[in-house]
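Data first, discussion second: the structure below is written as structure tokens.
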Amino acid sequence: MAGGAGEVRRQRIARLALAGALLLLGLWVARAFLPALLWALVIAIAIDPLYARAEARWPRWRRHALPALATVALALAVLLPLAFGLLRAAHEAHELATWLAAARANGIAPPDWLAQLPFGRHAAADWWAANLATPEAAQRQFGHLSDSVMIERSRLLGTRILHHATIFAFTLVALFFMLRDKAAIAEQARLAGDRIFGPSGERVGLQIIRSVRGTIDGLVLVGIGEGVVMAVGYVVAGVPHPILLGALTAVAAMIPFGAALLIGAAAVLLLMQGAMGAAIAIMLLGLVVVAIADHAVRPLLIGGATRLPFLWVLIGILGGVEAFGLIGLFIGPAVMAALIMLWRELVGAAQPQPSPAGTGDQP
């Protein structure tokens, strides 16, 4: 009997070792496509409430038509604005190249707003005269932006775009199959979690799902709101290309305090046009919008869903971006929420429970 029990134990250890080795090997083989799989999972979780209503309304389409329609809709939602942005960027790149050539040849004359600065105008004018006003000075500042350097950077940019396009295409393929087989995937994940982790497995999974949805509400929706408000401000203030800059502000606003960079760029563009009052107004509007979004609305949405203090939400977001890139915006808070939930369960289980009335110290 002892020998049989030992044999069973050795077989169990061997199976676990084999499973661990195969898991590591599988992750290594699929490592290039893990970002696409994570993106597909995040998107599937985000759209699941809306997608479930569509399934209930058109049950006969749930096998192929609805997953295909949802995948195509997502592709168009990403590709159409991206194509518009690339066309505008190409146009701006041509204008920028022309401006750089003129600056290297003739220098850059001091703008009118330089003399209107409330303080430091003489120091700023002297710096401009020494560094930008003459062709020699402008050549020192912009000489590194030669045609060969720009061509090399364009080649590297094209390589990055091709890589991200491949990841995006695979994300769409993975999303289609996740939506098509979501019921089977969810049931298998629940069974695996119960067998490996016990009752905690399902609770962790539900907490991760809530965290991803709360993070999407807090980052994506709030970021879009910031972009819309600032786009209106850009139009009123006369910022060049206000709609495109508003869209870029919405994307940057998905990272806490990221919108400040685009708002600052808009203010600089206004200063270059001599509109100092409009630049100050845009900075003040941006300060108010960012303060309300990042310190009031976003903590309420994300913290309420993840059940985390905003400090841990912020650590999850910024640490996730540092560790995983853009997908870390959603993975980081979910991981932190799951860890905090397990910690609270551990601490709660370790605390002594009060004895029922009349039982004294008996368990």
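In the structure tokens, the first chain shown is A, the next is B, and so on; residue numbers restart at 1 for each chain, and ligands run from 1 in the order shown.
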Each residue of stretch 245-277 of chain A lying at most 6 Å from stretch 206-225 of chain A should get a row with its shortest atom-to-atom pair and the distance in Å to one decimal, counting only C-alpha atoms; could you produce that, ordered by chain and increasing number, as a tab-separated table?
residue	atom	partner	partner_atom	distance
A:Ala250	CA	A:Gly223	CA	4.8
A:Ala253	CA	A:Gly223	CA	4.7
A:Met254	CA	A:Leu219	CA	4.7
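Closest approach to A:Ala103 among A:Pro135, A:Gly20, A:Gly227, A:Gly274 is made by A:Pro135 (distances from only C-alpha atoms).
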Near-A:Phe310 list (9 Å; only C-alpha atoms; drop same-chain fewer than 5 positions) as a list in words: Arg298, Pro299, Leu300, Ile302, Gly303 and Ile315 of chain A
Nearby residues (only C-alpha atoms) at most 7 Å from A:Gly320, same-chain spacing under 6 positions excluded, as JSON, numbers by chain: {"A": [328, 329, 331, 332]}
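Take atom CA of A:Met341 and atom CA of A:Arg190: the distance between them is 17.9 Å.
Between A:Ala46 and the candidates A:Phe330, A:Trp28, A:Trp99, A:Trp61, the tightest atom-to-atom separation, counting only C-alpha atoms, involves A:Phe330.
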Non-local contacts of A:Ala105 (12 Å; only C-alpha atoms; under 6 positions in same chain excluded) as a PyMOL selection string: chain A and resi 98-99+132-140+142-143
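For the pair atom CA of A:Leu270 and atom CA of A:Ala296, the interatomic distance is 28.9 Å.
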